[in-house]
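**Q** Handing over input_33.pdb, PDB, C-alpha atoms and all ligand atoms.
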ATOM      1  CA  MET A   1      30.197   1.969   1.326
ATOM      2  CA  LEU A   2      27.841   0.802  -1.395
ATOM      3  CA  ALA A   3      24.136   1.208  -0.589
ATOM      4  CA  PHE A   4      20.752   1.050  -2.248
ATOM      5  CA  ILE A   5      18.259   3.769  -1.421
ATOM      6  CA  TRP A   6      14.626   3.632  -2.447
ATOM      7  CA  ALA A   7      11.025   3.992  -1.301
ATOM      8  CA  GLU A   8       8.392   1.348  -1.916
ATOM      9  CA  ASP A   9       4.757   0.692  -1.168
ATOM     10  CA  GLN A  10       3.317  -2.484   0.359
ATOM     11  CA  ASN A  11       3.613  -4.262  -3.003
ATOM     12  CA  HIS A  12       7.213  -3.120  -3.625
ATOM     13  CA  LEU A  13       5.978  -0.614  -6.197
ATOM     14  CA  ILE A  14       8.481   2.203  -6.835
ATOM     15  CA  GLY A  15       7.431   4.032 -10.010
ATOM     16  CA  GLN A  16       4.551   5.220 -12.119
ATOM     17  CA  ASN A  17       4.933   6.631 -15.632
ATOM     18  CA  GLY A  18       8.490   7.851 -15.051
ATOM     19  CA  HIS A  19       7.811   9.354 -11.641
ATOM     20  CA  LEU A  20       7.158   8.379  -8.045
ATOM     21  CA  PRO A  21       3.625   7.048  -7.478
ATOM     22  CA  TRP A  22       3.181   9.220  -4.351
ATOM     23  CA  SER A  23       3.978  12.570  -2.889
ATOM     24  CA  LEU A  24       5.824  12.117   0.412
ATOM     25  CA  PRO A  25       7.964  15.179   1.187
ATOM     26  CA  ALA A  26       9.319  13.572   4.370
ATOM     27  CA  ASP A  27      10.918  10.854   2.257
ATOM     28  CA  LEU A  28      12.486  13.356  -0.136
ATOM     29  CA  HIS A  29      13.908  15.157   2.885
ATOM     30  CA  TYR A  30      15.314  11.889   4.245
ATOM     31  CA  LEU A  31      16.741  11.030   0.819
ATOM     32  CA  LYS A  32      18.475  14.378   0.653
ATOM     33  CA  GLN A  33      19.906  14.267   4.162
ATOM     34  CA  THR A  34      21.156  10.718   3.666
ATOM     35  CA  THR A  35      22.841  11.264   0.306
ATOM     36  CA  LEU A  36      24.294  14.796   0.643
ATOM     37  CA  ASN A  37      28.022  14.917  -0.149
ATOM     38  CA  SER A  38      27.859  11.385  -1.551
ATOM     39  CA  THR A  39      27.753   9.775  -4.977
ATOM     40  CA  ILE A  40      24.396   8.815  -6.455
ATOM     41  CA  VAL A  41      24.157   6.336  -9.322
ATOM     42  CA  MET A  42      21.049   6.050 -11.473
ATOM     43  CA  GLY A  43      19.565   4.901 -14.752
ATOM     44  CA  ALA A  44      18.770   7.417 -17.471
ATOM     45  CA  LYS A  45      15.026   7.387 -16.759
ATOM     46  CA  THR A  46      15.448   8.049 -13.057
ATOM     47  CA  PHE A  47      17.695  10.991 -13.899
ATOM     48  CA  GLN A  48      15.109  12.260 -16.400
ATOM     49  CA  SER A  49      12.478  12.184 -13.640
ATOM     50  CA  PHE A  50      14.301  14.949 -11.753
ATOM     51  CA  PRO A  51      12.593  18.277 -12.509
ATOM     52  CA  ASN A  52      15.756  20.391 -12.242
ATOM     53  CA  GLY A  53      18.519  18.121 -13.500
ATOM     54  CA  ALA A  54      21.363  16.936 -11.279
ATOM     55  CA  LEU A  55      20.682  16.783  -7.545
ATOM     56  CA  PRO A  56      22.870  19.425  -5.897
ATOM     57  CA  GLN A  57      25.729  18.732  -3.489
ATOM     58  CA  ARG A  58      26.099  15.196  -4.760
ATOM     59  CA  LYS A  59      28.154  13.538  -7.491
ATOM     60  CA  ASN A  60      25.511  12.447 -10.030
ATOM     61  CA  LEU A  61      26.382   9.408 -12.179
ATOM     62  CA  VAL A  62      23.982   8.288 -14.916
ATOM     63  CA  LEU A  63      23.920   5.031 -16.888
ATOM     64  CA  SER A  64      22.750   5.183 -20.517
ATOM     65  CA  HIS A  65      23.458   3.367 -23.780
ATOM     66  CA  GLU A  66      23.477   6.802 -25.412
ATOM     67  CA  PRO A  67      25.565   9.146 -23.249
ATOM     68  CA  GLN A  68      25.460  11.843 -25.946
ATOM     69  CA  LYS A  69      21.758  12.402 -25.095
ATOM     70  CA  PHE A  70      22.949  14.076 -21.918
ATOM     71  CA  SER A  71      25.634  16.326 -23.380
ATOM     72  CA  ASN A  72      23.758  19.491 -22.374
ATOM     73  CA  GLU A  73      23.234  18.433 -18.769
ATOM     74  CA  LYS A  74      25.355  20.094 -16.121
ATOM     75  CA  ASN A  75      26.972  18.396 -13.132
ATOM     76  CA  ILE A  76      26.498  14.806 -14.232
ATOM     77  CA  GLN A  77      28.828  12.145 -15.576
ATOM     78  CA  VAL A  78      27.391   9.528 -17.902
ATOM     79  CA  ALA A  79      28.617   5.947 -18.329
ATOM     80  CA  ASN A  80      27.447   3.413 -20.895
ATOM     81  CA  SER A  81      28.367   0.231 -19.006
ATOM     82  CA  LYS A  82      28.730  -1.110 -15.481
ATOM     83  CA  VAL A  83      32.523  -1.169 -15.831
ATOM     84  CA  GLN A  84      32.587   2.489 -16.835
ATOM     85  CA  LEU A  85      30.266   3.373 -13.971
ATOM     86  CA  GLN A  86      32.448   1.560 -11.454
ATOM     87  CA  LYS A  87      35.499   3.479 -12.667
ATOM     88  CA  LEU A  88      33.646   6.732 -12.003
ATOM     89  CA  PHE A  89      32.931   5.877  -8.372
ATOM     90  CA  ALA A  90      35.927   3.637  -7.572
ATOM     91  CA  HIS A  91      37.494   6.141  -5.171
ATOM     92  CA  ASP A  92      34.283   7.410  -3.562
ATOM     93  CA  SER A  93      33.581   6.529   0.062
ATOM     94  CA  ARG A  94      29.774   6.757   0.014
ATOM     95  CA  VAL A  95      27.962   5.460  -3.063
ATOM     96  CA  PHE A  96      24.173   5.195  -3.289
ATOM     97  CA  ILE A  97      22.476   3.239  -6.052
ATOM     98  CA  PHE A  98      19.379   5.318  -6.739
ATOM     99  CA  GLY A  99      17.533   2.976  -9.128
ATOM    100  CA  GLY A 100      15.698   1.962 -11.195
ATOM    101  CA  PRO A 101      15.383  -1.825 -11.073
ATOM    102  CA  ALA A 102      18.109  -2.519 -13.680
ATOM    103  CA  LEU A 103      20.609  -0.605 -11.584
ATOM    104  CA  PHE A 104      19.545  -2.370  -8.384
ATOM    105  CA  GLN A 105      19.879  -5.745 -10.144
ATOM    106  CA  MET A 106      23.315  -4.785 -11.467
ATOM    107  CA  PHE A 107      24.694  -4.172  -7.966
ATOM    108  CA  LEU A 108      22.624  -6.664  -5.931
ATOM    109  CA  SER A 109      25.453  -9.138  -5.286
ATOM    110  CA  GLU A 110      27.764  -6.465  -3.894
ATOM    111  CA  VAL A 111      25.453  -4.021  -2.100
ATOM    112  CA  GLN A 112      26.340  -3.574   1.578
ATOM    113  CA  TYR A 113      23.525  -1.404   2.972
ATOM    114  CA  LEU A 114      19.831  -1.039   2.124
ATOM    115  CA  TYR A 115      18.091   2.234   2.905
ATOM    116  CA  VAL A 116      14.430   1.538   2.290
ATOM    117  CA  THR A 117      11.424   3.672   3.039
ATOM    118  CA  GLN A 118       8.393   1.436   3.424
ATOM    119  CA  ILE A 119       5.085   3.164   2.830
ATOM    120  CA  THR A 120       2.053   1.449   4.337
ATOM    121  CA  ALA A 121      -0.282   2.018   1.409
ATOM    122  CA  GLN A 122      -0.956   0.595  -2.049
ATOM    123  CA  PHE A 123      -0.544   2.674  -5.197
ATOM    124  CA  VAL A 124      -0.977   2.116  -8.929
ATOM    125  CA  GLY A 125       2.171   2.000 -11.026
ATOM    126  CA  ASP A 126       4.425   0.237 -13.504
ATOM    127  CA  THR A 127       7.836  -0.208 -11.858
ATOM    128  CA  TRP A 128       8.684  -2.476  -8.920
ATOM    129  CA  MET A 129      11.694  -3.061  -6.684
ATOM    130  CA  ILE A 130      13.643  -6.216  -7.507
ATOM    131  CA  PRO A 131      13.290  -9.178  -5.118
ATOM    132  CA  ILE A 132      15.762  -8.983  -2.237
ATOM    133  CA  ASP A 133      16.787 -11.897  -0.017
ATOM    134  CA  TYR A 134      16.515 -10.178   3.345
ATOM    135  CA  SER A 135      17.938 -13.241   5.122
ATOM    136  CA  GLN A 136      21.323 -11.946   3.929
ATOM    137  CA  PHE A 137      20.822  -8.641   5.733
ATOM    138  CA  GLU A 138      20.217  -7.514   9.305
ATOM    139  CA  LEU A 139      18.026  -4.611  10.283
ATOM    140  CA  ILE A 140      20.182  -2.071  12.130
ATOM    141  CA  LYS A 141      17.898   0.963  12.280
ATOM    142  CA  ARG A 142      14.167   1.566  12.087
ATOM    143  CA  THR A 143      12.582   5.014  12.363
ATOM    144  CA  GLN A 144       8.870   5.697  12.180
ATOM    145  CA  GLY A 145       7.991   8.626   9.914
ATOM    146  CA  THR A 146       5.491  11.275  10.935
ATOM    147  CA  VAL A 147       2.089  11.411   9.277
ATOM    148  CA  ASP A 148       0.802  14.957   8.840
ATOM    149  CA  LYS A 149      -1.106  17.170   6.406
ATOM    150  CA  VAL A 150       1.465  16.759   3.627
ATOM    151  CA  ASN A 151       2.711  13.251   4.458
ATOM    152  CA  LEU A 152      -0.522  11.337   4.342
ATOM    153  CA  TRP A 153       0.671   7.731   4.497
ATOM    154  CA  PRO A 154       2.313   5.889   7.392
ATOM    155  CA  HIS A 155       5.951   5.230   6.521
ATOM    156  CA  GLU A 156       9.111   3.851   8.107
ATOM    157  CA  PHE A 157      12.761   4.411   7.320
ATOM    158  CA  LEU A 158      14.658   1.118   7.542
ATOM    159  CA  LEU A 159      18.372   0.500   7.303
ATOM    160  CA  TYR A 160      19.783  -2.972   6.692
ATOM    161  CA  ARG A 161      23.420  -4.056   6.669
ATOM    162  CA  ARG A 162      24.706  -7.142   4.897
ATOM    163  CA  LYS A 163      25.467  -9.893   7.414
ATOM    164  CA  ASN A 164      29.129 -10.667   8.010
ATOM    165  CA  LEU A 165      30.144  -7.404   6.435
ATOM    166  CA  GLU A 166      33.712  -6.516   7.338
ATOM    167  CA  ILE A 167      33.744  -2.902   8.504
TER     168      ILE A 167
HETATM  169  N1  LIG A 201      10.676   4.819  -5.424
HETATM  170  C1  LIG A 201      11.965   4.943  -5.619
HETATM  171  O1  LIG A 201      12.751   4.990  -4.664
HETATM  172  C2  LIG A 201      12.515   4.997  -7.011
HETATM  173  C3  LIG A 201      13.905   4.952  -7.217
HETATM  174  C4  LIG A 201      14.360   5.015  -8.536
HETATM  175  C5  LIG A 201      13.468   5.078  -9.580
HETATM  176  N2  LIG A 201      12.142   5.100  -9.320
HETATM  177  C6  LIG A 201      11.152   5.149 -10.403
HETATM  178  O2  LIG A 201      11.454   4.089 -11.305
HETATM  179  C7  LIG A 201      11.174   4.532 -12.635
HETATM  180  C8  LIG A 201      12.454   4.519 -13.454
HETATM  181  O3  LIG A 201      12.942   3.217 -13.520
HETATM  182  P1  LIG A 201      13.185   2.517 -14.942
HETATM  183  O4  LIG A 201      13.450   1.091 -14.697
HETATM  184  O5  LIG A 201      12.052   2.877 -15.842
HETATM  185  O6  LIG A 201      14.442   3.293 -15.511
HETATM  186  P2  LIG A 201      15.956   3.524 -14.997
HETATM  187  O7  LIG A 201      16.549   2.269 -14.427
HETATM  188  O8  LIG A 201      16.038   4.752 -14.179
HETATM  189  O9  LIG A 201      16.633   3.847 -16.380
HETATM  190  C9  LIG A 201      16.647   2.849 -17.395
HETATM  191  C10 LIG A 201      17.644   3.307 -18.397
HETATM  192  O10 LIG A 201      18.964   3.165 -17.860
HETATM  193  C11 LIG A 201      19.851   2.855 -18.901
HETATM  194  N3  LIG A 201      20.442   1.531 -18.652
HETATM  195  C12 LIG A 201      19.922   0.528 -17.894
HETATM  196  N4  LIG A 201      20.752  -0.528 -17.916
HETATM  197  C13 LIG A 201      21.806  -0.181 -18.687
HETATM  198  C14 LIG A 201      23.000  -0.843 -19.103
HETATM  199  N5  LIG A 201      23.280  -2.091 -18.704
HETATM  200  N6  LIG A 201      23.867  -0.202 -19.904
HETATM  201  C15 LIG A 201      23.607   1.070 -20.308
HETATM  202  N7  LIG A 201      22.493   1.751 -19.965
HETATM  203  C16 LIG A 201      21.608   1.130 -19.169
HETATM  204  C17 LIG A 201      19.045   2.852 -20.190
HETATM  205  O11 LIG A 201      19.070   4.210 -20.651
HETATM  206  P3  LIG A 201      19.008   4.614 -22.222
HETATM  207  O12 LIG A 201      17.588   4.304 -22.604
HETATM  208  O13 LIG A 201      19.339   6.074 -22.206
HETATM  209  O14 LIG A 201      20.030   3.758 -22.888
HETATM  210  C18 LIG A 201      17.656   2.497 -19.684
HETATM  211  O15 LIG A 201      16.619   2.895 -20.558
HETATM  212  C19 LIG A 201      10.583   5.926 -12.497
HETATM  213  O16 LIG A 201       9.183   5.833 -12.377
HETATM  214  C20 LIG A 201      11.209   6.419 -11.215
HETATM  215  O17 LIG A 201      10.452   7.443 -10.608
HETATM  216  C21 LIG A 201      11.651   5.064  -8.065
END
Could the structure of this file be written out as structure tokens, please?
Ligand SMILES: NC(=O)c1ccc[n+]([C@@H]2O[C@H](COP(=O)([O-])OP(=O)(O)OC[C@H]3O[C@@H](n4cnc5c(N)ncnc54)[C@H](OP(=O)(O)O)[C@@H]3O)[C@@H](O)[C@H]2O)c1

**A**
Amino acid sequence: MLAFIWAEDQNHLIGQNGHLPWSLPADLHYLKQTTLNSTIVMGAKTFQSFPNGALPQRKNLVLSHEPQKFSNEKNIQVANSKVQLQKLFAHDSRVFIFGGPALFQMFLSEVQYLYVTQITAQFVGDTWMIPIDYSQFELIKRTQGTVDKVNLWPHEFLLYRRKNLEI
């Protein structure tokens, strides 16, 4: 299974200055529960946005033109091309593309599932999700998130599956 997983605001914004534009612990919890024991695939900058290095209990794959930059990092594997990346996850059953936009674009034609958290708010930022033709996907699950003292914005967890996917 090859999936994208991301969170976006009403304008498809996903990043601000190397980080998420919002604080939404419920989404981080969802992200963790969804990707545990799976493979996550990300660009160098997304990896560098993690405060404590590799995300635990997941196979962390990073794409960079300069893999040697990451030689001191533990529990990651670094590829310098799409082909190399694909070799690293070829035998994995659950693979999540974690972003950023270049990674989403790279796997857009083959992605099977879209896990998107839609936040009903507008933030300031500098990085946006790539355009997706949702007519090629069907919505198979929609869960309303809970707004509370630490999760201030209304949000929904959506799951789309590519139409005519053989499963
Ligand atoms: N809201 C969300 O769900 C979400 C998800 C993911 C990311 N984000 C946000 O998005 C931002 C990061 O996105 P970004 O676009 O700036 O960076 P990114 O995609 O995470 O990383 C870009 C880097 O990936 C490497 N790369 C990309 N294409 C490559 C290729 N074809 N071959 C080899 N290496 C390649 C390069 O690393 P080198 O420079 O090392 O060569 C490039 O600088 C952050 O703000 C992050 O918080 C948000």

**Q** How many Å lie between atom CA of Arg142 of chain A and atom CA of Thr39 of chain A, rounded to one decimal?

**A**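 Separation of atom CA of Arg142 of chain A and atom CA of Thr39 of chain A: 23.3 Å.
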
**Q** Which residues, named as in the file, does the PyMOL selection byres (((chain A and resi 85) around 12) and not hetatm) pick out? Answer as a ChimeraX atom specification.

**A** /A:39-43,60-65,67,77-84,86-92,95,97,103,106-107

**Q** Pick from A:Arg58, A:Lys69, A:Arg161, A:Lys141: nearest to ligand LIG 201 (chain A), with all atoms listed in the file counted?

**A** A:Lys69

**Q** Any chance you could work out the residue set of the PyMOL selection byres (((chain A and resi 119) around 8) and not hetatm) here, as a ChimeraX atom specification?

**A** /A:7-10,117-118,120-121,153-156

**Q** Using the chain letters and numbers from the file, which residues does the PyMOL selection byres (((chain A and resi 52-56) around 8) and not hetatm) grab, as a PyMOL selection string?

**A** chain A and resi 47-48+50-51+57-58+60+73-76

**Q** Within 8 Å of (21.4, -1.8, 1.7), only C-alpha atoms: residues as JSON, numbers by chain?

**A** {"A": [2, 3, 4, 5, 111, 112, 113, 114, 115, 116, 137, 159, 160, 161, 162]}

**Q** Which residue is closest to Gly125 of chain A? Choose from A:Trp22, A:Phe98, A:Tyr30, A:Phe157 and count all atoms listed in the file.

**A**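 Smallest separation from Gly125 of chain A among the options: A:Trp22.
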
**Q** Which one of A:Gln33, A:Ser49, A:Asn72, A:Thr146 sits closest to ligand LIG 201 (chain A) if you count only C-alpha atoms and all ligand atoms?

**A**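 Result for the nearest residue to ligand LIG 201 (chain A): A:Ser49.
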
**Q** Calculated over all atoms listed in the file, which of the candidates A:Ser109, A:Thr127, A:His29, A:Leu36 has the smallest distance to ligand LIG 201 (chain A)?

**A**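 Going through A:Ser109, A:Thr127, A:His29, A:Leu36 one by one, the smallest distance to ligand LIG 201 (chain A) is for A:Thr127.
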
**Q** For ligand LIG 201 (chain A), which residue out of A:Ile130, A:Leu28, A:Leu158, A:Ala44 is the nearest one, using all atoms listed in the file?

**A**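 Nearest to ligand LIG 201 (chain A): A:Ala44.
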
**Q** Would you work out the distance separating atom O15 of ligand LIG 201 (chain A) from atom CA of Trp128 of chain A, expressed in Å to one decimal?

**A**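 Calculated distance between atom O15 of ligand LIG 201 (chain A) and atom CA of Trp128 of chain A is 15.1 Å.
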
**Q** From the set A:Thr35, A:Gln105, A:Asn151, A:Ser93, which residue has the shortest atom-to-atom contact distance to ligand LIG 201 (chain A), counting all atoms listed in the file?

**A**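 Counting all atoms listed in the file, the residue closest to ligand LIG 201 (chain A) is A:Gln105.
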
**Q** So how many Å separate atom C20 of ligand LIG 201 (chain A) and atom CA of Gly100 of chain A, to one decimal?

**A**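 Answer for the atom C20 of ligand LIG 201 (chain A) to atom CA of Gly100 of chain A separation: 6.3 Å.
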
**Q** Box in all listed atoms of ligand LIG 201 (chain A), axis-aligned, with 8 Å more on each side; write out centre and edge lengths in Å to one decimal as AutoDock Vina command-line options.

**A**
--center_x 16.5 --center_y 2.7 --center_z -13.8 --size_x 30.7 --size_y 25.5 --size_z 34.2
